[in-house]
>>> print(open('data20.cif').read())   # mmCIF, C-alpha atoms
data_structure
#
loop_
_atom_site.group_PDB
_atom_site.id
_atom_site.type_symbol
_atom_site.label_atom_id
_atom_site.label_comp_id
_atom_site.auth_asym_id
_atom_site.auth_seq_id
_atom_site.Cartn_x
_atom_site.Cartn_y
_atom_site.Cartn_z
ATOM 1 C CA MET A 119 0.196 -15.859 26.158
ATOM 2 C CA LYS A 120 3.717 -17.164 25.604
ATOM 3 C CA ARG A 121 4.009 -15.134 22.390
ATOM 4 C CA ILE A 122 2.905 -11.934 24.148
ATOM 5 C CA LEU A 123 5.363 -12.538 26.982
ATOM 6 C CA THR A 124 8.191 -13.086 24.481
ATOM 7 C CA TYR A 125 7.231 -9.878 22.670
ATOM 8 C CA LEU A 126 7.231 -7.885 25.924
ATOM 9 C CA ILE A 127 10.639 -9.255 26.936
ATOM 10 C CA VAL A 128 12.131 -8.391 23.540
ATOM 11 C CA GLN A 129 10.641 -4.884 23.735
ATOM 12 C CA PHE A 130 12.039 -4.409 27.253
ATOM 13 C CA VAL A 131 15.518 -5.486 26.163
ATOM 14 C CA LEU A 132 15.444 -3.239 23.088
ATOM 15 C CA LEU A 133 14.134 -0.258 25.031
ATOM 16 C CA SER A 134 16.695 -0.697 27.810
ATOM 17 C CA PHE A 135 19.513 0.340 25.464
ATOM 18 C CA PRO A 136 20.515 3.943 26.044
ATOM 19 C CA GLY A 137 19.235 6.590 23.627
ATOM 20 C CA PRO A 138 21.029 7.739 20.479
ATOM 21 C CA ALA A 139 24.756 7.910 20.993
ATOM 22 C CA SER A 140 26.991 10.844 20.299
ATOM 23 C CA GLY A 141 29.130 10.700 17.163
ATOM 24 C CA GLN A 142 32.204 9.716 19.244
ATOM 25 C CA ASP A 143 31.034 6.346 20.500
ATOM 26 C CA VAL A 144 29.352 5.010 17.334
ATOM 27 C CA LEU A 145 31.579 3.072 14.977
ATOM 28 C CA MET A 146 31.389 0.470 12.257
ATOM 29 C CA ARG A 147 32.413 -3.080 13.138
ATOM 30 C CA GLU A 148 32.679 -6.257 11.155
ATOM 31 C CA GLY A 149 30.001 -8.619 12.368
ATOM 32 C CA ILE A 150 29.156 -12.243 11.744
ATOM 33 C CA ARG A 151 30.392 -13.613 8.406
ATOM 34 C CA GLY A 152 31.867 -10.272 7.370
ATOM 35 C CA THR A 153 28.659 -8.254 7.759
ATOM 36 C CA VAL A 154 29.410 -4.659 8.695
ATOM 37 C CA VAL A 155 27.166 -3.306 11.449
ATOM 38 C CA MET A 156 26.982 -0.156 13.517
ATOM 39 C CA ALA A 157 28.351 -0.580 17.010
ATOM 40 C CA ARG A 158 28.626 1.580 20.074
ATOM 41 C CA ILE A 159 30.871 1.442 23.054
ATOM 42 C CA VAL A 160 29.074 1.367 26.392
ATOM 43 C CA ASP A 161 31.204 1.053 29.542
ATOM 44 C CA GLY A 162 34.045 -0.429 27.498
ATOM 45 C CA ASP A 163 31.801 -3.011 25.798
ATOM 46 C CA THR A 164 31.206 -2.957 22.043
ATOM 47 C CA ILE A 165 27.490 -3.480 21.414
ATOM 48 C CA PRO A 166 26.127 -3.959 17.885
ATOM 49 C CA VAL A 167 23.363 -1.538 16.920
ATOM 50 C CA ILE A 168 21.006 -3.119 14.423
ATOM 51 C CA ASP A 169 17.809 -1.538 13.139
ATOM 52 C CA LEU A 170 15.061 -4.111 12.889
ATOM 53 C CA ALA A 171 12.218 -3.891 10.433
ATOM 54 C CA PRO A 172 8.886 -3.034 12.067
ATOM 55 C CA VAL A 173 6.788 -6.027 12.980
ATOM 56 C CA ALA A 174 3.011 -5.892 12.764
ATOM 57 C CA PHE A 175 0.896 -7.887 15.193
ATOM 58 C CA PHE A 176 -2.667 -8.773 14.308
ATOM 59 C CA ALA A 177 -4.973 -10.016 17.015
ATOM 60 C CA PRO A 178 -7.209 -12.931 16.106
ATOM 61 C CA ARG A 179 -10.547 -11.549 14.981
ATOM 62 C CA ILE A 180 -13.541 -12.400 17.155
ATOM 63 C CA PHE A 181 -16.890 -12.389 15.382
ATOM 64 C CA LYS A 182 -20.295 -11.665 16.902
ATOM 65 C CA ASN A 183 -22.002 -14.271 14.752
ATOM 66 C CA ARG A 184 -21.673 -16.345 11.577
ATOM 67 C CA ALA A 185 -22.992 -13.527 9.339
ATOM 68 C CA ASP A 186 -20.323 -11.154 10.683
ATOM 69 C CA GLU A 187 -17.640 -13.753 9.965
ATOM 70 C CA ASN A 188 -18.953 -14.307 6.428
ATOM 71 C CA ARG A 189 -18.944 -10.540 5.732
ATOM 72 C CA TYR A 190 -15.339 -10.331 6.890
ATOM 73 C CA ARG A 191 -14.282 -13.323 4.787
ATOM 74 C CA ARG A 192 -15.954 -11.768 1.724
ATOM 75 C CA LEU A 193 -14.138 -8.498 2.373
ATOM 76 C CA VAL A 194 -10.805 -10.337 2.670
ATOM 77 C CA HIS A 195 -11.524 -12.165 -0.594
ATOM 78 C CA ASN A 196 -12.460 -8.921 -2.378
ATOM 79 C CA VAL A 197 -9.424 -6.991 -1.122
ATOM 80 C CA ARG A 198 -7.079 -9.838 -2.094
ATOM 81 C CA ARG A 199 -8.663 -9.895 -5.545
ATOM 82 C CA VAL A 200 -8.223 -6.178 -6.315
ATOM 83 C CA TYR A 201 -5.113 -5.228 -4.322
ATOM 84 C CA PRO A 202 -2.661 -6.346 -7.052
ATOM 85 C CA TYR A 203 -4.467 -4.084 -9.545
ATOM 86 C CA ALA A 204 -4.235 -1.143 -7.134
ATOM 87 C CA LYS A 205 -0.499 -1.768 -6.613
ATOM 88 C CA LEU A 206 -0.040 -1.918 -10.366
ATOM 89 C CA ALA A 207 -2.000 1.325 -10.731
ATOM 90 C CA GLY A 208 0.449 3.010 -8.353
ATOM 91 C CA ILE A 209 3.449 1.733 -10.322
ATOM 92 C CA LYS A 210 1.959 2.676 -13.695
ATOM 93 C CA PHE A 211 0.926 6.095 -12.377
ATOM 94 C CA GLU A 212 4.555 6.852 -11.480
ATOM 95 C CA GLU A 213 5.850 5.492 -14.804
ATOM 96 C CA TYR A 214 3.396 7.531 -16.862
ATOM 97 C CA ASN A 215 4.054 10.678 -14.844
ATOM 98 C CA GLU A 216 7.783 10.350 -15.573
ATOM 99 C CA LEU A 217 7.083 9.632 -19.245
ATOM 100 C CA LEU A 218 4.827 12.670 -19.599
ATOM 101 C CA LEU A 219 7.402 14.940 -17.986
ATOM 102 C CA GLU A 220 9.941 13.918 -20.648
ATOM 103 C CA LEU A 221 7.661 14.683 -23.604
ATOM 104 C CA PRO A 222 7.875 18.306 -24.773
ATOM 105 C CA THR A 223 4.563 18.799 -26.606
ATOM 106 C CA GLU A 224 0.916 18.234 -25.731
ATOM 107 C CA ASN A 225 0.397 16.148 -28.898
ATOM 108 C CA GLN A 226 3.217 13.783 -27.946
ATOM 109 C CA ARG A 227 1.764 13.412 -24.454
ATOM 110 C CA LYS A 228 -1.696 12.637 -25.864
ATOM 111 C CA ARG A 229 -0.253 10.034 -28.253
ATOM 112 C CA ALA A 230 1.756 8.432 -25.446
ATOM 113 C CA MET A 231 -1.315 8.239 -23.193
ATOM 114 C CA LYS A 232 -3.445 6.796 -25.988
ATOM 115 C CA GLN A 233 -0.783 4.116 -26.561
ATOM 116 C CA ALA A 234 -0.583 3.397 -22.822
ATOM 117 C CA GLU A 235 -4.377 3.123 -22.605
ATOM 118 C CA MET A 236 -4.451 0.640 -25.491
ATOM 119 C CA GLU A 237 -1.751 -1.486 -23.827
ATOM 120 C CA LEU A 238 -3.562 -1.452 -20.476
ATOM 121 C CA ARG A 239 -6.889 -2.331 -22.099
ATOM 122 C CA ALA A 240 -5.329 -5.241 -23.977
ATOM 123 C CA GLN A 241 -3.706 -6.529 -20.813
ATOM 124 C CA PHE A 242 -6.386 -5.969 -18.149
ATOM 125 C CA GLU A 243 -9.787 -5.116 -19.629
ATOM 126 C CA ASP A 244 -11.173 -8.665 -19.577
ATOM 127 C CA GLU A 245 -10.016 -9.255 -15.998
ATOM 128 C CA LEU A 246 -11.398 -5.944 -14.730
ATOM 129 C CA LYS A 247 -14.763 -6.553 -16.391
ATOM 130 C CA ARG A 248 -15.131 -9.655 -14.222
ATOM 131 C CA LEU A 249 -14.880 -7.692 -10.971
ATOM 132 C CA THR A 250 -18.016 -7.509 -8.858
ATOM 133 C CA PHE A 251 -19.602 -4.237 -7.753
ATOM 134 C CA SER A 252 -18.048 -4.539 -4.272
ATOM 135 C CA GLN A 253 -14.634 -5.286 -5.726
ATOM 136 C CA GLY A 254 -14.920 -2.225 -7.984
ATOM 137 C CA LEU A 255 -15.674 0.030 -5.009
ATOM 138 C CA ILE A 256 -12.707 -1.372 -3.094
ATOM 139 C CA LEU A 257 -10.455 -0.933 -6.138
ATOM 140 C CA ILE A 258 -11.436 2.750 -6.426
ATOM 141 C CA LYS A 259 -10.442 3.264 -2.783
ATOM 142 C CA LEU A 260 -7.196 1.322 -3.093
ATOM 143 C CA VAL A 261 -6.190 3.276 -6.208
ATOM 144 C CA ASP A 262 -6.431 6.399 -4.036
ATOM 145 C CA ARG A 263 -4.301 4.654 -1.387
ATOM 146 C CA GLU A 264 -1.572 3.674 -3.852
ATOM 147 C CA THR A 265 -1.440 6.842 -5.975
ATOM 148 C CA SER A 266 -2.496 9.460 -3.397
ATOM 149 C CA HIS A 267 -4.999 10.613 -6.041
ATOM 150 C CA THR A 268 -8.656 9.685 -6.409
ATOM 151 C CA SER A 269 -9.600 7.713 -9.517
ATOM 152 C CA TYR A 270 -11.288 10.869 -10.809
ATOM 153 C CA ASP A 271 -8.030 12.830 -10.463
ATOM 154 C CA VAL A 272 -6.069 10.083 -12.239
ATOM 155 C CA VAL A 273 -8.494 10.072 -15.194
ATOM 156 C CA ARG A 274 -8.527 13.881 -15.305
ATOM 157 C CA GLU A 275 -4.737 14.085 -15.237
ATOM 158 C CA PHE A 276 -4.153 11.543 -17.986
ATOM 159 C CA ARG A 277 -7.264 11.818 -20.152
ATOM 160 C CA GLY A 278 -8.488 15.344 -19.489
ATOM 161 C CA MET A 279 -11.441 16.966 -17.763
ATOM 162 C CA VAL A 280 -14.045 15.868 -20.331
ATOM 163 C CA SER A 281 -13.139 12.184 -19.911
ATOM 164 C CA ALA A 282 -13.100 12.507 -16.130
ATOM 165 C CA VAL A 283 -16.567 14.088 -16.076
ATOM 166 C CA PHE A 284 -17.881 11.451 -18.509
ATOM 167 C CA TRP A 285 -16.569 8.512 -16.459
ATOM 168 C CA GLN A 286 -17.710 10.096 -13.199
ATOM 169 C CA GLY A 287 -21.230 10.491 -14.640
ATOM 170 C CA LEU A 288 -21.252 6.946 -15.978
ATOM 171 C CA GLY A 289 -19.942 5.621 -12.678
ATOM 172 C CA ARG A 290 -22.667 7.472 -10.783
ATOM 173 C CA LEU A 291 -25.318 5.679 -12.851
ATOM 174 C CA PHE A 292 -23.981 2.385 -11.484
ATOM 175 C CA GLY A 293 -23.416 3.611 -7.925
ATOM 176 C CA PHE A 294 -19.688 4.388 -8.183
ATOM 177 C CA ASN A 295 -18.101 7.677 -7.206
ATOM 178 C CA LEU A 296 -14.645 8.118 -8.722
ATOM 179 C CA ARG A 297 -13.977 10.894 -6.208
ATOM 180 C CA THR A 298 -14.187 8.475 -3.285
ATOM 181 C CA GLU A 299 -11.197 8.994 -1.006
ATOM 182 C CA TYR A 300 -9.494 6.301 1.016
ATOM 183 C CA ASP A 301 -9.970 6.726 4.779
ATOM 184 C CA PRO A 302 -7.648 4.251 6.570
ATOM 185 C CA GLU A 303 -8.476 5.650 10.011
ATOM 186 C CA GLY A 304 -12.250 5.669 9.584
ATOM 187 C CA GLU A 305 -14.566 4.003 7.104
ATOM 188 C CA ASP A 306 -11.803 1.939 5.458
ATOM 189 C CA LYS A 307 -10.011 0.864 8.631
ATOM 190 C CA LEU A 308 -10.825 -2.809 8.077
ATOM 191 C CA ILE A 309 -9.631 -2.660 4.454
ATOM 192 C CA GLU A 310 -6.367 -1.057 5.630
ATOM 193 C CA GLU A 311 -5.894 -3.822 8.197
ATOM 194 C CA ILE A 312 -6.404 -6.474 5.508
ATOM 195 C CA VAL A 313 -3.955 -4.699 3.160
ATOM 196 C CA GLN A 314 -1.345 -4.567 5.932
ATOM 197 C CA MET A 315 -1.826 -8.288 6.562
ATOM 198 C CA ILE A 316 -1.358 -8.957 2.839
ATOM 199 C CA GLU A 317 1.811 -6.845 2.801
ATOM 200 C CA ALA A 318 3.114 -8.615 5.916
ATOM 201 C CA GLY A 319 2.501 -12.000 4.283
ATOM 202 C CA VAL A 320 -0.070 -13.052 6.888
ATOM 203 C CA LEU A 321 -2.842 -13.410 4.291
#
>>> encode(input="data20.cif", output="structure tokens")
Amino acid sequence: MKRILTYLIVQFVLLSFPGPASGQDVLMREGIRGTVVMARIVDGDTIPVIDLAPVAFFAPRIFKNRADENRYRRLVHNVRRVYPYAKLAGIKFEEYNELLLELPTENQRKRAMKQAEMELRAQFEDELKRLTFSQGLILIKLVDRETSHTSYDVVREFRGMVSAVFWQGLGRLFGFNLRTEYDPEGEDKLIEEIVQMIEAGVL
């Protein structure tokens, strides 16, 4: 209760500042220990204007029963296990896109992607083989979250349509759909909440 009250007081104080100032009354001032901050003059007073990073609040989860709690804990474990791979996929996706844009011919692009695939296999294949079915499904969704492309689109873009169709067909045999899209507002809302907690350092 004390934490909520503190939060409300801070919000009230922050919201009580007047709206955006005109260009005339905003200036730069030297703050504490030489830090330069924006300041504005209000009724002759110089008030520092500091943008704060957004703060996420997560309510304690209340479970209906022990089975519900265990399902949630498993989901947290699975998301924590695959999230680093999804983040890495987003980074690598950007790197490879930039690399491919620099290469002038299709043959050079194919060679570069083959080399990249060999490096990724050497580095991650053993670890990814140890993922469970549930972790694989979550990884497919998180790859979409991090790259804004489904896993199918990523494979098609870098390996071609034939490879994408092959891996989609193979995935379907084992219950995976590489075209699965991430839905943070619907089906994947709980996964999104867990990812935000990981990013905020709460988990």
>>> atom_distance(input="data20.cif", atom1="atom CA of Ile312 of chain A", atom2="atom CA of Ala171 of chain A")
19.4 Å
>>> resolve_selection(input="data20.cif", expression="the PyMOL selection byres ((chain A and resi 319) around 12)", output="ChimeraX atom specification")
/A:173-176,198,312-318,320-321
>>> atom_distance(input="data20.cif", atom1="atom CA of Asp186 of chain A", atom2="atom CA of Glu299 of chain A")
25.0 Å
>>> closest_residue(input="data20.cif", among="A:Leu260, A:Val273, A:Ala230, A:Leu249", to="Leu206 of chain A", atoms="only C-alpha atoms")
A:Leu260
>>> closest_residue(input="data20.cif", among="A:Val155, A:Val197, A:Val160, A:Ala204", to="Glu264 of chain A", atoms="only C-alpha atoms")
A:Ala204
>>> atom_distance(input="data20.cif", atom1="atom CA of Tyr190 of chain A", atom2="atom CA of Pro178 of chain A")
12.6 Å
>>> residues_around(input="data20.cif", residues="Val272 of chain A", least_positions_apart="2", cutoff="10 Å", atoms="only C-alpha atoms", output="ChimeraX atom specification")
/A:207,211,261-262,265-270,274-278,282,296-297
>>> residues_near_point(input="data20.cif", point="(5.8, 8.7, -18.9)", cutoff="12 Å", atoms="all atoms listed in the file", output="PyMOL selection string")
chain A and resi 209-222+226-234+276
>>> closest_residue(input="data20.cif", among="A:Ala157, A:Leu308, A:Leu238, A:Ile256", to="Phe294 of chain A", atoms="only C-alpha atoms")
A:Ile256
